Every structure is written in structure tokens, then in C-alpha cells.
>>> print(open('target-v4.txt').read())   # compact mmCIF, C-alpha atoms
# COMPACT_ATOMS: atom_id res chain seq x y z
CA MET A 220 155.66 -140.37 184.09
CA ASN A 221 152.39 -142.19 184.79
CA PHE A 222 153.57 -145.10 182.64
CA VAL A 223 156.85 -145.19 184.55
CA ALA A 224 154.96 -145.20 187.88
CA LEU A 225 152.81 -148.14 186.79
CA ARG A 226 155.84 -150.05 185.46
CA MET A 227 157.55 -149.56 188.82
CA LEU A 228 154.40 -150.82 190.58
CA THR A 229 154.08 -153.99 188.53
CA GLY A 230 157.79 -154.65 188.23
CA ASP A 231 157.69 -157.03 191.20
CA PRO A 232 154.57 -159.19 190.65
CA SER A 233 154.68 -160.79 194.11
CA LYS A 234 154.57 -157.45 195.94
CA TYR A 235 152.04 -156.05 193.49
CA PHE A 236 149.60 -158.93 193.88
CA GLY A 237 150.25 -158.97 197.64
CA LEU A 238 149.14 -155.35 197.86
CA VAL A 239 146.03 -155.98 195.76
CA PHE A 240 145.14 -159.08 197.78
CA ALA A 241 145.53 -157.26 201.12
CA ILE A 242 143.13 -154.52 200.00
CA ALA A 243 140.72 -157.09 198.48
CA PHE A 244 140.73 -159.15 201.68
CA CYS A 245 140.09 -156.06 203.78
CA THR A 246 137.25 -154.98 201.45
CA PHE A 247 135.61 -158.40 201.42
CA LEU A 248 135.67 -158.73 205.22
CA LEU A 249 134.32 -155.23 205.80
CA GLU A 250 131.48 -155.50 203.30
CA ASN A 251 130.67 -159.07 204.30
CA GLN A 252 130.56 -158.50 208.05
CA THR A 253 128.82 -155.11 208.02
CA SER A 254 126.12 -156.39 205.63
CA ILE A 255 125.54 -159.56 207.65
CA PHE A 256 125.46 -157.54 210.87
CA ALA A 257 122.91 -155.11 209.45
CA GLY A 258 120.84 -158.00 208.05
CA ILE A 259 120.75 -159.77 211.41
CA MET A 260 119.82 -156.59 213.24
CA LYS A 261 117.04 -155.91 210.75
CA ARG A 262 115.63 -159.38 211.45
CA THR A 263 114.82 -158.30 215.00
CA GLY A 264 112.01 -156.16 213.56
CA HIS A 265 110.93 -158.22 210.56
CA GLN A 266 107.63 -159.34 212.11
CA ILE A 267 106.84 -155.69 212.78
CA LEU A 268 107.66 -154.62 209.22
CA ASP A 269 105.58 -157.46 207.79
CA VAL A 270 102.44 -155.87 209.27
CA THR A 271 101.61 -153.38 206.54
CA ASP A 272 98.01 -152.66 207.57
CA ALA A 273 98.77 -150.57 210.66
CA GLU A 274 101.22 -147.76 211.39
CA ILE A 275 101.20 -147.68 215.20
CA TRP A 276 101.82 -150.37 217.82
CA VAL A 277 100.43 -149.93 221.33
CA MET A 278 101.86 -152.04 224.15
CA ASP A 279 102.59 -152.22 227.85
CA PRO A 280 104.70 -149.24 229.02
CA LYS A 281 107.59 -151.53 230.02
CA THR A 282 107.83 -153.37 226.69
CA GLU A 283 111.26 -152.79 225.13
CA TYR A 284 111.19 -154.99 222.01
CA PHE A 285 108.90 -157.28 220.04
CA GLU A 286 109.66 -160.54 221.85
CA GLN A 287 109.04 -158.98 225.23
CA THR A 288 105.29 -158.76 225.80
CA LYS A 289 103.10 -158.19 228.83
CA ALA A 290 99.42 -158.75 228.20
CA LEU A 291 97.11 -155.75 228.10
CA LYS A 292 93.55 -155.63 229.40
CA GLU A 293 90.66 -155.89 226.97
CA THR A 294 89.52 -152.48 228.19
CA ASP A 295 92.79 -151.03 226.88
CA LEU A 296 91.59 -151.71 223.34
CA ALA A 297 88.47 -149.62 223.92
CA ARG A 298 90.55 -146.84 225.51
CA VAL A 299 92.86 -146.71 222.49
CA ARG A 300 89.88 -146.64 220.12
CA GLY A 301 88.54 -143.65 222.02
CA VAL A 302 91.62 -141.50 221.40
CA GLU A 303 91.01 -138.65 218.97
CA GLY A 304 92.68 -139.31 215.60
CA VAL A 305 92.45 -143.12 215.70
CA ALA A 306 90.77 -144.45 212.56
CA TRP A 307 90.65 -148.00 213.92
CA ALA A 308 92.43 -150.23 216.41
CA VAL A 309 92.48 -154.04 216.53
CA ARG A 310 93.94 -156.83 218.64
CA MET A 311 97.08 -158.85 218.05
CA PHE A 312 98.27 -161.84 220.08
CA LYS A 313 101.82 -163.21 220.10
CA GLY A 314 102.64 -166.59 221.57
CA ASN A 315 105.12 -169.44 221.23
CA PRO A 316 103.20 -172.73 221.08
CA VAL A 317 105.03 -175.92 220.12
CA ALA A 318 104.11 -177.33 216.70
CA ARG A 319 104.28 -181.07 216.18
CA THR A 320 103.79 -183.02 212.94
CA PRO A 321 102.21 -186.48 212.65
CA GLN A 322 105.74 -187.80 212.02
CA GLY A 323 106.86 -186.51 215.42
CA LYS A 324 108.91 -183.51 214.23
CA PHE A 325 108.38 -180.54 216.52
CA ALA A 326 109.54 -176.94 217.00
CA SER A 327 108.62 -173.85 218.98
CA THR A 328 106.89 -171.24 216.84
CA PHE A 329 106.08 -167.58 216.57
CA CYS A 330 102.30 -167.63 216.50
CA LEU A 331 100.59 -164.34 215.68
CA GLY A 332 96.89 -164.14 216.40
CA LEU A 333 95.11 -161.70 214.09
CA ASP A 334 91.89 -159.82 214.68
CA ASP A 335 89.04 -162.23 213.83
CA ALA A 336 86.99 -159.68 211.88
CA THR A 337 89.68 -157.94 209.83
CA LEU A 338 92.72 -160.30 209.86
CA THR A 339 94.90 -157.19 210.17
CA GLY A 340 98.56 -158.20 209.92
CA ALA A 341 98.01 -161.27 207.74
CA PRO A 342 100.96 -162.08 205.45
CA ARG A 343 100.52 -160.50 202.03
CA LYS A 344 103.31 -162.44 200.31
CA MET A 345 101.90 -165.92 199.76
CA LEU A 346 103.66 -168.79 198.01
CA LEU A 347 100.75 -171.23 198.23
CA GLY A 348 97.18 -171.08 199.47
CA SER A 349 95.46 -167.95 200.73
CA TRP A 350 95.49 -165.98 203.97
CA GLU A 351 91.77 -165.31 203.53
CA ARG A 352 91.16 -168.97 204.46
CA LEU A 353 92.12 -168.14 208.04
CA THR A 354 88.43 -167.41 208.54
CA GLU A 355 87.95 -171.20 208.51
CA PRO A 356 88.06 -172.95 211.90
CA ASP A 357 91.42 -174.16 213.27
CA THR A 358 93.57 -173.01 210.34
CA VAL A 359 97.04 -171.49 210.14
CA VAL A 360 99.36 -169.97 207.57
CA ILE A 361 103.01 -171.02 208.00
CA ASP A 362 106.09 -169.46 206.46
CA GLN A 363 108.18 -171.41 203.95
CA ALA A 364 111.20 -171.81 206.24
CA GLY A 365 108.97 -173.16 209.01
CA TYR A 366 107.29 -175.58 206.63
CA VAL A 367 110.66 -176.91 205.47
CA LEU A 368 111.77 -177.26 209.10
CA LEU A 369 108.69 -179.25 210.10
CA PHE A 370 108.29 -181.20 206.85
CA PRO A 371 111.89 -181.66 205.62
CA GLY A 372 112.28 -183.00 202.10
CA GLU A 373 108.55 -182.76 201.30
CA PRO A 374 107.01 -180.54 198.61
CA LEU A 375 105.07 -177.44 199.59
CA ALA A 376 101.41 -178.33 200.02
CA VAL A 377 98.37 -177.01 201.86
CA GLY A 378 96.02 -179.23 203.81
CA ARG A 379 98.67 -180.75 206.07
CA LYS A 380 97.85 -181.26 209.73
CA LEU A 381 99.78 -179.95 212.73
CA ASP A 382 99.33 -180.11 216.48
CA LEU A 383 99.85 -176.80 218.28
CA ASN A 384 99.98 -177.56 221.98
CA ASP A 385 97.71 -180.59 221.41
CA HIS A 386 95.23 -178.68 219.22
CA GLU A 387 95.01 -179.97 215.65
CA VAL A 388 95.13 -177.33 212.92
CA THR A 389 95.19 -177.35 209.14
CA VAL A 390 97.78 -175.50 207.06
CA VAL A 391 95.81 -173.41 204.54
CA GLY A 392 98.65 -171.29 203.23
CA ILE A 393 102.43 -170.98 202.98
CA SER A 394 103.78 -167.45 203.22
CA ASP A 395 107.01 -165.77 202.27
CA ALA A 396 107.34 -164.11 205.68
CA SER A 397 110.54 -162.27 206.47
CA ALA A 398 113.09 -164.25 208.45
CA PRO A 399 112.81 -163.77 212.23
CA PHE A 400 115.80 -163.18 214.48
CA VAL A 401 115.38 -166.67 215.96
CA SER A 402 114.75 -169.36 213.35
CA PHE A 403 111.31 -170.40 214.61
CA PRO A 404 108.46 -171.12 212.18
CA VAL A 405 106.23 -168.06 211.79
CA MET A 406 102.53 -168.88 211.92
CA HIS A 407 99.48 -166.67 211.47
CA THR A 408 96.01 -167.55 212.67
CA ARG A 409 92.93 -165.85 214.08
CA TYR A 410 93.08 -164.25 217.51
CA SER A 411 90.46 -166.56 219.00
CA THR A 412 92.21 -169.62 217.56
CA ALA A 413 95.64 -168.55 218.85
CA LEU A 414 94.27 -168.27 222.39
CA LYS A 415 93.28 -171.94 222.28
CA PHE A 416 96.86 -172.92 221.41
CA GLN A 417 98.41 -170.86 224.18
CA GLY A 418 95.91 -171.61 226.91
CA ARG A 419 93.54 -169.16 228.54
CA GLN A 420 94.92 -166.61 230.97
CA ARG A 421 93.40 -163.64 232.74
CA THR A 422 94.75 -161.29 230.05
CA GLU A 423 95.94 -162.26 226.56
CA LEU A 424 96.10 -159.09 224.46
CA SER A 425 99.73 -158.60 223.34
CA TYR A 426 99.49 -155.55 221.08
CA VAL A 427 96.94 -153.11 219.75
CA LEU A 428 97.46 -152.21 216.10
CA VAL A 429 96.34 -148.72 215.16
CA ARG A 430 95.83 -146.78 211.97
CA PRO A 431 95.60 -142.96 212.24
CA GLN A 432 92.86 -141.00 210.58
CA ALA A 433 93.78 -139.29 207.33
CA GLY A 434 95.93 -136.25 207.93
CA VAL A 435 96.85 -137.19 211.51
CA ASP A 436 100.60 -137.33 212.15
CA GLU A 437 101.71 -140.71 213.48
CA ALA A 438 104.13 -139.28 216.04
CA VAL A 439 101.51 -136.85 217.34
CA LEU A 440 98.95 -139.64 217.67
CA CYS A 441 101.49 -141.84 219.51
CA ALA A 442 102.06 -139.07 222.04
CA ARG A 443 98.31 -138.58 222.40
CA ILE A 444 97.68 -142.30 222.99
CA ALA A 445 100.45 -142.47 225.59
CA ALA A 446 99.13 -139.39 227.40
CA GLN A 447 95.51 -140.54 227.51
CA THR A 448 95.95 -144.26 228.16
CA GLY A 449 99.30 -144.56 229.95
CA LEU A 450 100.36 -147.21 227.42
CA ARG A 451 103.40 -147.15 225.15
CA ALA A 452 102.66 -146.23 221.52
CA ARG A 453 105.33 -146.49 218.83
CA THR A 454 105.26 -146.06 215.09
CA THR A 455 106.38 -149.07 213.06
CA ARG A 456 109.75 -147.48 212.36
CA GLU A 457 110.28 -146.52 215.99
CA PHE A 458 109.36 -149.99 217.22
CA VAL A 459 111.79 -151.62 214.77
CA TRP A 460 114.59 -149.38 216.03
CA ASP A 461 113.62 -150.21 219.61
CA CYS A 462 114.27 -153.86 218.80
CA VAL A 463 117.60 -153.11 217.14
CA ARG A 464 118.77 -151.00 220.08
CA TYR A 465 117.74 -153.69 222.57
CA TYR A 466 119.82 -156.37 220.85
CA LEU A 467 122.75 -153.99 220.41
CA LYS A 468 122.69 -153.16 224.10
CA ASN A 469 121.93 -156.56 225.59
CA THR A 470 123.67 -159.14 223.39
CA GLY A 471 127.26 -159.89 222.36
CA ILE A 472 126.52 -159.54 218.66
CA PRO A 473 128.07 -156.04 218.27
CA VAL A 474 131.25 -157.16 220.05
CA ASN A 475 131.67 -160.28 217.91
CA PHE A 476 131.16 -158.45 214.64
CA GLY A 477 133.17 -155.48 215.87
CA ILE A 478 136.20 -157.70 216.48
CA THR A 479 136.03 -159.09 212.94
CA ILE A 480 135.61 -155.64 211.41
CA GLY A 481 138.49 -154.32 213.52
CA VAL A 482 140.72 -157.18 212.37
CA ALA A 483 139.84 -156.38 208.76
CA LEU A 484 140.83 -152.75 209.24
CA VAL A 485 144.08 -153.70 210.97
CA VAL A 486 144.95 -156.19 208.23
CA GLY A 487 144.16 -153.66 205.53
CA THR A 488 146.04 -150.82 207.17
CA VAL A 489 149.09 -152.62 208.55
CA VAL A 490 149.69 -155.18 205.81
CA ALA A 491 148.90 -152.92 202.87
CA GLY A 492 150.60 -149.92 204.45
CA GLN A 493 153.76 -151.80 205.34
CA THR A 494 153.97 -153.54 201.98
CA PHE A 495 153.44 -150.31 200.07
CA TYR A 496 155.99 -148.49 202.22
CA LEU A 497 158.58 -151.24 201.67
CA PHE A 498 157.81 -151.11 197.96
CA THR A 499 158.56 -147.38 197.94
CA VAL A 500 161.77 -147.81 199.95
CA GLU A 501 163.01 -150.47 197.55
CA ASN A 502 162.40 -148.09 194.66
CA LEU A 503 164.06 -145.04 196.19
CA ARG A 504 166.95 -145.28 193.70
CA GLN A 505 164.48 -145.01 190.81
CA PHE A 506 162.74 -142.04 192.45
CA GLY A 507 166.16 -140.49 193.13
CA ALA A 508 167.14 -140.89 189.49
CA LEU A 509 163.92 -139.20 188.38
CA LYS A 510 164.55 -136.40 190.84
CA ALA A 511 168.11 -136.01 189.55
CA ILE A 512 166.90 -135.44 185.99
CA GLY A 513 164.54 -132.69 187.12
CA VAL A 514 161.24 -134.34 188.05
CA THR A 515 159.60 -132.16 190.70
CA ASN A 516 158.44 -133.28 194.14
CA GLY A 517 154.85 -132.60 193.11
CA ARG A 518 155.21 -134.91 190.12
CA LEU A 519 156.81 -137.65 192.24
CA THR A 520 154.02 -137.28 194.80
CA GLY A 521 151.51 -137.74 192.00
CA MET A 522 153.31 -140.90 190.90
CA VAL A 523 153.13 -142.37 194.42
CA LEU A 524 149.44 -141.46 194.69
CA LEU A 525 148.78 -143.03 191.28
CA GLN A 526 150.41 -146.26 192.44
CA ALA A 527 148.40 -146.23 195.67
CA ALA A 528 145.16 -145.44 193.84
CA THR A 529 145.75 -148.22 191.31
CA VAL A 530 146.27 -150.80 194.04
CA GLY A 531 143.31 -149.45 196.02
CA VAL A 532 140.86 -149.44 193.11
CA LEU A 533 141.84 -152.93 191.94
CA GLY A 534 141.73 -154.35 195.47
CA PHE A 535 138.41 -152.66 196.26
CA ALA A 536 136.84 -153.85 193.00
CA LEU A 537 138.07 -157.41 193.54
CA GLY A 538 136.89 -157.49 197.17
CA THR A 539 133.49 -156.04 196.28
CA GLY A 540 133.12 -158.58 193.48
CA LEU A 541 133.89 -161.44 195.88
CA ALA A 542 131.38 -160.07 198.39
CA ALA A 543 128.72 -159.77 195.67
CA VAL A 544 129.33 -163.37 194.58
CA PHE A 545 129.09 -164.54 198.21
CA PHE A 546 125.76 -162.82 198.85
CA GLN A 547 124.35 -163.91 195.50
CA ALA A 548 125.25 -167.52 196.31
CA THR A 549 123.51 -167.34 199.70
CA LEU A 550 120.56 -165.17 198.63
CA ASN A 551 118.09 -168.03 198.11
CA GLY A 552 119.00 -170.00 201.23
CA LEU A 553 116.18 -170.15 203.77
CA ALA A 554 118.57 -169.50 206.65
CA THR A 555 120.27 -166.54 204.92
CA ARG A 556 117.30 -165.00 203.08
CA GLY A 557 117.04 -161.27 203.38
CA ILE A 558 120.76 -160.80 204.05
CA VAL A 559 122.17 -158.91 201.06
CA LEU A 560 125.15 -156.76 200.19
CA LEU A 561 124.09 -153.26 201.21
CA TRP A 562 125.12 -150.24 199.19
CA GLN A 563 125.73 -148.46 202.48
CA SER A 564 128.31 -151.14 203.36
CA VAL A 565 129.98 -150.71 199.98
CA ALA A 566 130.10 -146.92 200.39
CA LEU A 567 131.41 -147.15 203.97
CA THR A 568 134.02 -149.70 202.97
CA GLY A 569 135.07 -147.51 200.05
CA ALA A 570 135.64 -144.63 202.48
CA CYS A 571 137.66 -146.91 204.77
CA ILE A 572 139.78 -148.18 201.90
CA LEU A 573 140.41 -144.60 200.79
CA ALA A 574 141.60 -143.78 204.31
CA VAL A 575 143.82 -146.89 204.31
CA ILE A 576 145.34 -145.93 200.97
CA LEU A 577 145.98 -142.35 202.07
CA ALA A 578 147.54 -143.53 205.33
CA ALA A 579 149.69 -146.08 203.48
CA SER A 580 150.94 -143.51 201.00
CA LEU A 581 151.73 -140.70 203.47
CA LEU A 582 154.95 -142.26 204.76
CA SER A 583 155.94 -143.23 201.23
CA ILE A 584 155.42 -139.69 199.96
CA ARG A 585 157.48 -138.30 202.84
CA ARG A 586 160.42 -140.57 201.98
CA VAL A 587 160.25 -139.59 198.31
CA VAL A 588 159.90 -135.83 198.94
CA THR A 589 162.82 -135.72 201.41
CA LEU A 590 165.01 -137.93 199.21
CA GLU A 591 168.30 -136.38 198.09
CA PRO A 592 169.04 -137.07 194.39
CA ALA A 593 172.71 -137.60 195.22
CA THR A 594 171.69 -140.84 196.98
CA VAL A 595 171.47 -142.47 193.59
CA PHE A 596 175.14 -141.88 192.85
CA ARG A 597 176.54 -143.16 196.14
>>> encode(input="target-v4.txt", output="C-alpha cells")
Amino acid sequence: MNFVALRMLTGDPSKYFGLVFAIAFCTFLLENQTSIFAGIMKRTGHQILDVTDAEIWVMDPKTEYFEQTKALKETDLARVRGVEGVAWAVRMFKGNPVARTPQGKFASTFCLGLDDATLTGAPRKMLLGSWERLTEPDTVVIDQAGYVLLFPGEPLAVGRKLDLNDHEVTVVGISDASAPFVSFPVMHTRYSTALKFQGRQRTELSYVLVRPQAGVDEAVLCARIAAQTGLRARTTREFVWDCVRYYLKNTGIPVNFGITIGVALVVGTVVAGQTFYLFTVENLRQFGALKAIGVTNGRLTGMVLLQAATVGVLGFALGTGLAAVFFQATLNGLATRGIVLLWQSVALTGACILAVILAASLLSIRRVVTLEPATVFR
């Protein structure tokens, strides 16, 4: 009977391939859009995740996400250091000076000023040069995408000169920093050097980076810092999720991606469901003939489910393959780096496709089960 079911399914190639294509298209769109959406949302916290030396970020109580900073007082650093359970705490500055090349190319940047003594937060993934050279006067490390943006078509090289708000600096390293949400060059330099680029203000301290003492729970220490200093303390993971929630709540990104994902589900459900139902209706005479010779309703139901499962598996496999090819082709692009096909997206899409297949086969099964064998002889 399974062979008969498959022969019925493939008997009309146009409908068969139409069903497979509808499921493949639905799968590709779902996996593509959910993976891109997740990748873009993760970018909102990439500069936080890149700091591997500290586990806790301390900031102004009203700060909601990484780009939103209100300078702290220098005395806040000492207050944080005085909290029980803090192993060490250091400064970090974040600014957006404009970088300009000798050729006149310019761009706004993410400039992170690192503690002069420890260089906590320096990029650990280096493509060229060394982050340790930031101890030299007026030096910066720039990420690869930023270098390509400012020096298009030129080979990677250290020693190049840049003007940051009219202060000349030397590039001593090129990092493989994670892509930011906004495609600005990411630069690292010393705290004291970064302040020269941005211009002196009454307060300049953006964040305090903290490492707990051994055995001290991060969440407990965050609560202790907040209680004793009145500042906001978040673990790295919490701060990343703060950024994600901010962009979800305050931008149109979820709506735009949600529309595309909704269209994919509608296409998969309506087109595949209608096509499969029409396929079953057109084959009612064959099902009636099988019923007339004694094939049970349970067996006929199994045949319909086998047909639906065959179409679903082939369409899902084809769509996942297309999505994998797409992300592999864009993996090494500077603009799309870090955006990959997530296994969570594949699993979620698989569950959606299963639901689509079940929904598409329910009506078909009902028609087959309620079919009178005498219909065949009319």
C-alpha cells in the first residue's frame, strides 16, 4: 500500500513538485529570516560580549542599552571598588569621534577607551599587529571592517595614520571584532587617549568593568553594588539582553521581520494545504477503489500521512539546504559576518513545517475516511 500511495503522489509531476516547492519556499524563508533576525539582534550586544576580561558592567541607573551612556563620576569608580566581593574594577570610555584618512575618507566610529594600566577589554582576536602596542602614545586598534571602510581596496597594514577629531593616531593593530549593530568602525585605544579624541568634559567615565572575587556569585555582587552605590550593575549576559529588549521594544525591526515570517507561514499553510487537499480530492476514486476492495480507514489514513510526510520531508530538506547554501555564501562578507544559520531556527522551522503538514492532511484524511466506496461505481 505504501508503494501505491507514493505512486499516487508522484503520478502528477506538476502537483507533486508544486507541493515540494511550496514547503521548500516556506522552510527557506522561515530559516533565513529568523536566523538573520537573531543575528542582527545579537549584534546589539557584540561589543559587550567582546569584553572577556570582566563579568559585570556598572553604569548610570538610567542606562538602558550599550549605546546609551551617561558619564559617571570618577568617585563612582572608587565606590565600586569598595564593595565587598569586587576583585577589581576599571574604567571604560565609549565615544563616537570621526575618523578621517589622509585621502579624505571619513566615518563616525565606536571608540572604546580602555584602562591605561590593564587594557581591560582589549580585542583578543587580532588579524595583524598587537593590542599590547596600545601602551604606545596615540595608537589605536581598528577592526577589519572599519579598516576596509576607511582604506577601501588597500591591503591590511599597520602603521597607517588617521585623524580622530583632528588628533593624529597610528594604527598598531587590526582586530577581528564582532560586527556592531551600526556599521561603524570599532576602535580600541587607551582611556587617556580616547578622552583627547572626544574632548574634555566635566565627567567622562562611561562604564566601570568589574570582576568578582573567586566564589562570589555575579548576580549577588550586582545587587550588592546597586544597593551600596545607587548605580546599575548588570552581568554581561544581562546587559546583552537589555540591549536586545531595547531594540525589540523601540525599533521597527520585529515588525518588519514578523511580516516576512508571517507571509512564509501563510504561503506554506495555504498553498501547500490547498494543493494537497486538491490532490486528495482528485484521487478520491482511487481511494474509493481501495476502500471497496477492503482497505481499512486506518490504512488509508496512513497512506495520506505517508504522502504528506514525504512531501514535507523533501520540501524541508530542500529548503534547509538552500538556506545553508545562502548563509555559507554570505559567511565571509564583512557586512554579513556573524550571521549564520542557527540550529534553533532549523528546529523551530521543522516544528512549523510539521504543523503545516498535519493541518494540510487533516481535511484530506476527513474526505478519505468519510468516502463511500460506492462513489467509485457511480
>>> atom_distance(input="target-v4.txt", atom1="CA of Asn315 (chain A)", atom2="CA of Leu331 (chain A)")
8.8 Å
>>> residues_around(input="target-v4.txt", residues="Arg343 (chain A)", least_positions_apart="3", cutoff="9 Å", atoms="only C-alpha atoms", output="number ranges by chain")
A: 269-271, 340, 350, 394-396
>>> closest_atom_pairs(input="target-v4.txt", of="region 520-551 of chain A", to="region 242-262 of chain A", cutoff="9 Å", atoms="all atoms listed in the file", output="Markdown table")
| residue | atom | partner | partner_atom | distance |
| --- | --- | --- | --- | --- |
| A:Val530 | CA | A:Ile242 | CA | 7.7 |
| A:Gly531 | CA | A:Ile242 | CA | 6.4 |
| A:Val532 | CA | A:Ile242 | CA | 8.9 |
| A:Leu533 | CA | A:Ala243 | CA | 7.8 |
| A:Gly534 | CA | A:Ala243 | CA | 4.2 |
| A:Phe535 | CA | A:Ala243 | CA | 5.5 |
| A:Ala536 | CA | A:Ala243 | CA | 7.5 |
| A:Leu537 | CA | A:Ala243 | CA | 5.6 |
| A:Gly538 | CA | A:Ala243 | CA | 4.1 |
| A:Thr539 | CA | A:Phe247 | CA | 6.0 |
| A:Gly540 | CA | A:Phe247 | CA | 8.3 |
| A:Leu541 | CA | A:Phe247 | CA | 6.5 |
| A:Ala542 | CA | A:Phe247 | CA | 5.5 |
| A:Ala543 | CA | A:Asn251 | CA | 8.9 |
| A:Phe545 | CA | A:Asn251 | CA | 8.3 |
| A:Phe546 | CA | A:Asn251 | CA | 8.2 |
>>> write_last_selection(input="target-v4.txt", atoms="C-alpha atoms", output="tab-separated table (two decimals), in the frame of the given file")
chain	number	residue	atom	x	y	z
A	530	VAL	CA	146.27	-150.80	194.04
A	531	GLY	CA	143.31	-149.45	196.02
A	532	VAL	CA	140.86	-149.44	193.11
A	533	LEU	CA	141.84	-152.93	191.94
A	534	GLY	CA	141.73	-154.35	195.47
A	535	PHE	CA	138.41	-152.66	196.26
A	536	ALA	CA	136.84	-153.85	193.00
A	537	LEU	CA	138.07	-157.41	193.54
A	538	GLY	CA	136.89	-157.49	197.17
A	539	THR	CA	133.49	-156.04	196.28
A	540	GLY	CA	133.12	-158.58	193.48
A	541	LEU	CA	133.89	-161.44	195.88
A	542	ALA	CA	131.38	-160.07	198.39
A	543	ALA	CA	128.72	-159.77	195.67
A	545	PHE	CA	129.09	-164.54	198.21
A	546	PHE	CA	125.76	-162.82	198.85
>>> closest_residue(input="target-v4.txt", among="A:Asn384, A:Thr412, A:Thr515, A:Thr470", to="Phe312 (chain A)", atoms="all atoms listed in the file")
A:Thr412
>>> atom_distance(input="target-v4.txt", atom1="CA of Ser411 (chain A)", atom2="CA of Val299 (chain A)")
20.3 Å
>>> atom_distance(input="target-v4.txt", atom1="CA of Gly301 (chain A)", atom2="CA of Gln447 (chain A)")
9.4 Å
>>> closest_residue(input="target-v4.txt", among="A:Arg430, A:Ala574, A:Gly552, A:Tyr466", to="Arg453 (chain A)", atoms="all atoms listed in the file")
A:Arg430
>>> closest_residue(input="target-v4.txt", among="A:Lys234, A:Lys324, A:Arg464, A:Arg518", to="Phe285 (chain A)", atoms="all atoms listed in the file")
A:Arg464
>>> residues_around(input="target-v4.txt", residues="Thr288 (chain A)", least_positions_apart="5", cutoff="8 Å", atoms="only C-alpha atoms", output="VMD selection string")
chain A and resid 278 to 279 282 425
>>> write_last_selection(input="target-v4.txt", atoms="C-alpha atoms", output="CSV table (one decimal), keeping the file's coordinate frame")
chain,number,residue,atom,x,y,z
A,278,MET,CA,101.9,-152.0,224.2
A,279,ASP,CA,102.6,-152.2,227.8
A,282,THR,CA,107.8,-153.4,226.7
A,425,SER,CA,99.7,-158.6,223.3
>>> residues_around(input="target-v4.txt", residues="Arg409 (chain A)", least_positions_apart="6", cutoff="9 Å", atoms="only C-alpha atoms", output="mmCIF file with C-alpha atoms, in the coordinates of the input")
data_model
loop_
_atom_site.group_PDB
_atom_site.id
_atom_site.type_symbol
_atom_site.label_atom_id
_atom_site.label_comp_id
_atom_site.auth_asym_id
_atom_site.auth_seq_id
_atom_site.Cartn_x
_atom_site.Cartn_y
_atom_site.Cartn_z
ATOM 1 C CA PHE A 312 98.270 -161.840 220.080
ATOM 2 C CA LEU A 331 100.590 -164.340 215.680
ATOM 3 C CA GLY A 332 96.890 -164.140 216.400
ATOM 4 C CA LEU A 333 95.110 -161.700 214.090
ATOM 5 C CA ASP A 334 91.890 -159.820 214.680
ATOM 6 C CA ASP A 335 89.040 -162.230 213.830
ATOM 7 C CA ALA A 336 86.990 -159.680 211.880
ATOM 8 C CA LEU A 338 92.720 -160.300 209.860
ATOM 9 C CA LEU A 353 92.120 -168.140 208.040
ATOM 10 C CA THR A 354 88.430 -167.410 208.540
ATOM 11 C CA PRO A 356 88.060 -172.950 211.900
ATOM 12 C CA ASP A 357 91.420 -174.160 213.270
ATOM 13 C CA THR A 358 93.570 -173.010 210.340
ATOM 14 C CA VAL A 359 97.040 -171.490 210.140
#
>>> residues_around(input="target-v4.txt", residues="Arg443 (chain A)", least_positions_apart="5", cutoff="9 Å", atoms="all atoms listed in the file", output="PyMOL selection string")
chain A and resi 302-304+438+448+452
>>> residues_around(input="target-v4.txt", residues="Gly557 (chain A)", least_positions_apart="5", cutoff="8 Å", atoms="only C-alpha atoms", output="MDAnalysis selection string")
chainID A and resid 258 397:398 550
>>> axis_aligned_box(input="target-v4.txt", around="region 384-387 of chain A", padding_each_side="3 Å", output="AutoDock Vina command-line options")
--center_x 97.5 --center_y -179.1 --center_z 218.8 --size_x 11.0 --size_y 9.0 --size_z 12.3
